>>> print(open('target-v2.pdb').read())   # PDB, C-alpha atoms
ATOM      1  CA  MET A 181      16.421 -99.371 -42.385
ATOM      2  CA  LYS A 182      19.601-100.732 -40.846
ATOM      3  CA  TYR A 183      19.808 -98.691 -37.615
ATOM      4  CA  ARG A 184      17.593 -98.056 -34.562
ATOM      5  CA  TYR A 185      16.989 -94.437 -33.594
ATOM      6  CA  ALA A 186      15.846 -92.756 -30.371
ATOM      7  CA  MET A 187      14.587 -89.160 -30.200
ATOM      8  CA  VAL A 188      14.913 -87.587 -26.745
ATOM      9  CA  CYS A 189      13.737 -84.282 -25.261
ATOM     10  CA  SER A 190      12.645 -83.330 -21.766
ATOM     11  CA  SER A 191       8.984 -84.405 -21.660
ATOM     12  CA  ASN A 192       8.570 -86.615 -24.779
ATOM     13  CA  GLN A 193       5.911 -84.232 -26.062
ATOM     14  CA  ASN A 194       7.022 -81.712 -28.675
ATOM     15  CA  ARG A 195      10.526 -81.947 -30.167
ATOM     16  CA  SER A 196      11.117 -85.698 -29.748
ATOM     17  CA  MET A 197       7.574 -86.537 -30.870
ATOM     18  CA  GLU A 198       7.723 -84.284 -33.946
ATOM     19  CA  ALA A 199      10.919 -86.073 -35.023
ATOM     20  CA  HIS A 200       9.506 -89.499 -34.027
ATOM     21  CA  SER A 201       6.355 -88.914 -36.078
ATOM     22  CA  LEU A 202       8.289 -87.745 -39.152
ATOM     23  CA  LEU A 203      10.908 -90.512 -39.056
ATOM     24  CA  LYS A 204       8.221 -93.160 -38.485
ATOM     25  CA  ARG A 205       6.350 -91.917 -41.591
ATOM     26  CA  HIS A 206       9.605 -92.321 -43.541
ATOM     27  CA  GLY A 207      10.061 -95.941 -42.446
ATOM     28  CA  PHE A 208      12.701 -95.524 -39.750
ATOM     29  CA  ASP A 209      12.909 -97.858 -36.734
ATOM     30  CA  VAL A 210      12.412 -95.081 -34.186
ATOM     31  CA  SER A 211      11.362 -94.598 -30.561
ATOM     32  CA  SER A 212      11.153 -91.483 -28.400
ATOM     33  CA  TYR A 213      11.665 -90.546 -24.775
ATOM     34  CA  GLY A 214      11.924 -87.735 -22.240
ATOM     35  CA  THR A 215      14.516 -87.276 -19.495
ATOM     36  CA  GLY A 216      12.575 -85.135 -17.022
ATOM     37  CA  ALA A 217      11.230 -86.268 -13.664
ATOM     38  CA  HIS A 218       7.679 -85.579 -14.907
ATOM     39  CA  VAL A 219       5.941 -84.582 -18.104
ATOM     40  CA  LYS A 220       5.274 -80.838 -18.078
ATOM     41  CA  LEU A 221       2.935 -78.995 -20.427
ATOM     42  CA  PRO A 222       2.199 -75.258 -20.421
ATOM     43  CA  GLY A 223      -0.655 -74.189 -18.196
ATOM     44  CA  PRO A 224      -2.631 -70.981 -17.813
ATOM     45  CA  SER A 225       0.564 -69.277 -16.538
ATOM     46  CA  LEU A 226       4.265 -70.075 -16.239
ATOM     47  CA  ARG A 227       3.750 -70.869 -12.554
ATOM     48  CA  GLU A 228       0.900 -73.276 -13.254
ATOM     49  CA  PRO A 229       2.181 -75.957 -15.650
ATOM     50  CA  ASN A 230       0.189 -79.120 -16.201
ATOM     51  CA  VAL A 231       2.257 -81.948 -14.720
ATOM     52  CA  TYR A 232       1.746 -85.632 -15.509
ATOM     53  CA  ASP A 233       3.632 -88.826 -14.778
ATOM     54  CA  PHE A 234       5.482 -90.565 -17.601
ATOM     55  CA  GLY A 235       3.216 -93.349 -18.818
ATOM     56  CA  THR A 236       0.062 -91.200 -18.660
ATOM     57  CA  PRO A 237      -1.607 -91.730 -22.070
ATOM     58  CA  TYR A 238      -1.571 -88.750 -24.443
ATOM     59  CA  LYS A 239      -5.329 -89.224 -24.897
ATOM     60  CA  GLN A 240      -5.865 -88.832 -21.141
ATOM     61  CA  MET A 241      -3.831 -85.574 -21.154
ATOM     62  CA  PHE A 242      -5.824 -84.375 -24.179
ATOM     63  CA  ASP A 243      -9.151 -85.068 -22.430
ATOM     64  CA  ASP A 244      -7.940 -83.429 -19.203
ATOM     65  CA  LEU A 245      -6.818 -80.211 -20.922
ATOM     66  CA  ARG A 246      -9.869 -80.076 -23.181
ATOM     67  CA  ARG A 247     -12.008 -80.257 -20.039
ATOM     68  CA  LYS A 248      -9.954 -77.532 -18.263
ATOM     69  CA  ASP A 249      -9.822 -74.879 -21.029
ATOM     70  CA  PRO A 250     -10.379 -76.035 -24.611
ATOM     71  CA  GLU A 251      -9.839 -72.587 -26.159
ATOM     72  CA  LEU A 252      -6.512 -71.942 -24.423
ATOM     73  CA  TYR A 253      -5.042 -75.344 -25.218
ATOM     74  CA  LYS A 254      -6.249 -75.283 -28.810
ATOM     75  CA  ARG A 255      -4.883 -71.759 -29.342
ATOM     76  CA  ASN A 256      -1.448 -72.570 -27.874
ATOM     77  CA  GLY A 257      -1.178 -75.768 -29.954
ATOM     78  CA  ILE A 258      -1.170 -78.242 -27.054
ATOM     79  CA  LEU A 259      -4.357 -80.109 -28.049
ATOM     80  CA  PRO A 260      -3.255 -80.631 -31.688
ATOM     81  CA  MET A 261       0.181 -81.744 -30.453
ATOM     82  CA  LEU A 262      -1.362 -84.302 -28.066
ATOM     83  CA  LYS A 263      -3.626 -85.561 -30.856
ATOM     84  CA  ARG A 264      -0.574 -86.073 -33.099
ATOM     85  CA  ASN A 265       1.289 -87.802 -30.268
ATOM     86  CA  SER A 266      -1.542 -90.248 -29.584
ATOM     87  CA  GLY A 267      -1.391 -91.256 -33.263
ATOM     88  CA  VAL A 268       2.301 -92.156 -32.860
ATOM     89  CA  LYS A 269       2.291 -94.030 -29.542
ATOM     90  CA  LEU A 270       0.242 -94.503 -26.381
ATOM     91  CA  ALA A 271       2.116 -92.425 -23.799
ATOM     92  CA  PRO A 272       5.348 -90.533 -23.070
ATOM     93  CA  GLN A 273       8.233 -92.744 -21.946
ATOM     94  CA  ARG A 274      11.205 -91.885 -19.770
ATOM     95  CA  TRP A 275      14.696 -92.450 -21.212
ATOM     96  CA  GLN A 276      16.149 -93.611 -17.913
ATOM     97  CA  ASP A 277      13.543 -96.407 -17.769
ATOM     98  CA  ASN A 278      14.007 -97.699 -21.336
ATOM     99  CA  ALA A 279      16.610-100.479 -20.889
ATOM    100  CA  ALA A 280      14.038-103.147 -21.765
ATOM    101  CA  ASP A 281      13.471-101.476 -25.159
ATOM    102  CA  GLY A 282      16.819-102.766 -26.417
ATOM    103  CA  SER A 283      19.780-100.878 -27.811
ATOM    104  CA  PHE A 284      19.866 -97.956 -30.221
ATOM    105  CA  THR A 285      22.445 -97.081 -32.845
ATOM    106  CA  VAL A 286      21.714 -93.339 -32.894
ATOM    107  CA  VAL A 287      20.218 -91.147 -30.165
ATOM    108  CA  LEU A 288      19.242 -87.583 -31.038
ATOM    109  CA  THR A 289      18.613 -85.015 -28.335
ATOM    110  CA  PHE A 290      17.279 -81.490 -28.801
ATOM    111  CA  GLU A 291      18.721 -79.682 -25.787
ATOM    112  CA  GLU A 292      22.209 -79.729 -24.255
ATOM    113  CA  LYS A 293      20.902 -80.594 -20.770
ATOM    114  CA  VAL A 294      19.103 -83.644 -22.227
ATOM    115  CA  PHE A 295      22.251 -84.635 -24.178
ATOM    116  CA  ASP A 296      24.250 -84.590 -20.926
ATOM    117  CA  MET A 297      21.598 -86.643 -19.096
ATOM    118  CA  VAL A 298      21.529 -89.289 -21.849
ATOM    119  CA  LEU A 299      25.326 -89.609 -21.828
ATOM    120  CA  GLU A 300      25.381 -89.838 -18.036
ATOM    121  CA  ASP A 301      22.678 -92.512 -18.084
ATOM    122  CA  LEU A 302      24.507 -94.546 -20.752
ATOM    123  CA  HIS A 303      27.725 -94.273 -18.734
ATOM    124  CA  ASN A 304      25.954 -95.585 -15.615
ATOM    125  CA  ARG A 305      24.302 -98.577 -17.315
ATOM    126  CA  ASP A 306      25.696-102.085 -17.191
ATOM    127  CA  HIS A 307      27.921-102.388 -20.228
ATOM    128  CA  VAL A 308      26.860-105.913 -21.177
ATOM    129  CA  LEU A 309      26.713-105.549 -24.949
ATOM    130  CA  LEU A 310      29.557-103.062 -25.384
ATOM    131  CA  LYS A 311      27.687-101.784 -28.408
ATOM    132  CA  SER A 312      28.570 -98.336 -29.735
ATOM    133  CA  VAL A 313      25.872 -95.682 -29.797
ATOM    134  CA  LEU A 314      26.102 -92.291 -31.473
ATOM    135  CA  VAL A 315      24.539 -89.505 -29.389
ATOM    136  CA  ILE A 316      23.945 -86.202 -31.205
ATOM    137  CA  ASN A 317      22.511 -82.948 -29.884
ATOM    138  CA  LEU A 318      20.672 -80.708 -32.325
ATOM    139  CA  GLU A 319      19.628 -77.654 -30.319
ATOM    140  CA  VAL A 320      15.925 -76.898 -30.966
ATOM    141  CA  LYS A 321      13.808 -74.333 -29.124
ATOM    142  CA  ASP A 322      10.793 -75.907 -27.453
ATOM    143  CA  ASN A 323       7.999 -74.401 -29.556
ATOM    144  CA  HIS A 324       5.847 -75.887 -32.307
ATOM    145  CA  GLU A 325       7.455 -73.974 -35.191
ATOM    146  CA  GLU A 326      11.032 -74.822 -34.195
ATOM    147  CA  ALA A 327      10.065 -78.436 -33.484
ATOM    148  CA  ALA A 328       8.776 -78.732 -37.070
ATOM    149  CA  VAL A 329      12.062 -77.341 -38.445
ATOM    150  CA  GLY A 330      14.027 -79.569 -36.063
ATOM    151  CA  GLY A 331      12.057 -82.594 -37.232
ATOM    152  CA  GLN A 332      12.969 -81.917 -40.861
ATOM    153  CA  LEU A 333      16.641 -81.401 -39.979
ATOM    154  CA  THR A 334      16.610 -84.612 -37.931
ATOM    155  CA  LEU A 335      15.125 -86.544 -40.840
ATOM    156  CA  GLU A 336      17.813 -85.237 -43.204
ATOM    157  CA  LEU A 337      20.610 -86.054 -40.752
ATOM    158  CA  CYS A 338      19.280 -89.577 -40.104
ATOM    159  CA  GLN A 339      18.959 -90.201 -43.849
ATOM    160  CA  LYS A 340      22.644 -89.283 -44.274
ATOM    161  CA  ILE A 341      23.653 -91.589 -41.410
ATOM    162  CA  GLU A 342      21.477 -94.388 -42.785
ATOM    163  CA  ALA A 343      23.027 -94.008 -46.262
ATOM    164  CA  ALA A 344      26.610 -94.229 -44.974
ATOM    165  CA  GLU A 345      28.500 -97.458 -45.504
ATOM    166  CA  SER A 346      29.666 -97.245 -41.894
ATOM    167  CA  TRP A 347      28.550 -94.367 -39.669
ATOM    168  CA  GLU A 348      31.592 -94.879 -37.428
ATOM    169  CA  ASP A 349      33.938 -94.172 -40.359
ATOM    170  CA  SER A 350      32.025 -91.234 -41.831
ATOM    171  CA  ILE A 351      30.304 -89.448 -38.940
ATOM    172  CA  ASP A 352      32.828 -86.583 -38.823
ATOM    173  CA  GLU A 353      32.205 -85.814 -42.514
ATOM    174  CA  ILE A 354      28.426 -86.188 -42.172
ATOM    175  CA  ILE A 355      28.358 -83.780 -39.201
ATOM    176  CA  ALA A 356      30.686 -81.240 -40.892
ATOM    177  CA  ALA A 357      28.591 -81.209 -44.091
ATOM    178  CA  PHE A 358      25.360 -80.844 -42.088
ATOM    179  CA  GLU A 359      26.778 -77.962 -40.025
ATOM    180  CA  ALA A 360      28.051 -76.159 -43.126
ATOM    181  CA  LYS A 361      24.754 -76.562 -44.990
ATOM    182  CA  HIS A 362      22.460 -75.526 -42.132
ATOM    183  CA  ARG A 363      24.770 -73.243 -40.115
ATOM    184  CA  ARG A 364      23.884 -75.159 -36.957
ATOM    185  CA  LYS A 365      26.441 -76.557 -34.564
ATOM    186  CA  LEU A 366      25.956 -80.183 -33.535
ATOM    187  CA  VAL A 367      27.510 -81.746 -30.460
ATOM    188  CA  TYR A 368      28.096 -85.482 -30.636
ATOM    189  CA  SER A 369      29.693 -88.291 -28.737
ATOM    190  CA  ILE A 370      30.162 -92.003 -29.200
ATOM    191  CA  SER A 371      29.290 -94.001 -26.108
ATOM    192  CA  PHE A 372      28.987 -97.703 -25.321
ATOM    193  CA  TYR A 373      26.395 -99.848 -23.568
TER     194      TYR A 373
END
>>> encode(input="target-v2.pdb", output="structure tokens")
Amino acid sequence: MKYRYAMVCSSNQNRSMEAHSLLKRHGFDVSSYGTGAHVKLPGPSLREPNVYDFGTPYKQMFDDLRRKDPELYKRNGILPMLKRNSGVKLAPQRWQDNAADGSFTVVLTFEEKVFDMVLEDLHNRDHVLLKSVLVINLEVKDNHEEAAVGGQLTLELCQKIEAAESWEDSIDEIIAAFEAKHRRKLVYSISFY
């Protein structure tokens, strides 16, 4: 593969990890991140989320939730999701702390708020390399079913970008064809860092 990809959602748990897992299985050079202040997972109620720091291993979260209420977290899909995540990488990572990971060619986000945060962060970084980066938002609801669909759509979009002679010259056509085929609106921007 000729490009480096980053998948970014809020907590680096569901949408970004579904896409990360799928792209990794297809041989892409891919990483994933979250933009939130903390990692949040559903709890017994909306007012009682499970909150972890970025860098807390997925396995540790899995063990913690399995100890708290194995039936609830199995039924709502959190335990299987954490098991998948731990097979992809050790722990969730925060986008704003990723400068040491090097540069990416394409960054995909799955929520407009995350898209805005990534662009703001790129704008605020030291522009040493002046390397172009394509940032695309594919809006995906944060549930397991939609994350699976979003992962497939992300794979297809990244395959089209990868196959292009030059993504800079053909991105408008790639995006237009994708939107027409899937009836989904993509927001994208080219930034530098």
>>> atom_distance(input="target-v2.pdb", atom1="atom CA of Lys220 of chain A", atom2="atom CA of Phe234 of chain A")
9.7 Å
>>> resolve_selection(input="target-v2.pdb", expression="the PyMOL selection byres ((chain A and resi 258-274) around 6)", output="count of residues only")
17
>>> resolve_selection(input="target-v2.pdb", expression="the PyMOL selection byres ((chain A and resi 321-336) around 6)", output="ChimeraX atom specification")
/A:195,198-199,320,337-339
>>> resolve_selection(input="target-v2.pdb", expression="the PyMOL selection byres ((chain A and resi 283) around 9)", output="PyMOL selection string")
chain A and resi 184+279-282+284-285+309+311+313+373
>>> closest_residue(input="target-v2.pdb", among="A:Ser312, A:Ser212, A:Gln240, A:Ser191", to="Asn278 of chain A", atoms="only C-alpha atoms")
A:Ser212
>>> closest_residue(input="target-v2.pdb", among="A:Val210, A:Ile355, A:Leu310, A:Ile316", to="Ser369 of chain A", atoms="only C-alpha atoms")
A:Ile316
>>> closest_residue(input="target-v2.pdb", among="A:His200, A:Tyr183, A:Ser371, A:Asp349", to="Glu300 of chain A", atoms="all atoms listed in the file")
A:Ser371
>>> atom_distance(input="target-v2.pdb", atom1="atom CA of Met297 of chain A", atom2="atom CA of Leu318 of chain A")
14.5 Å
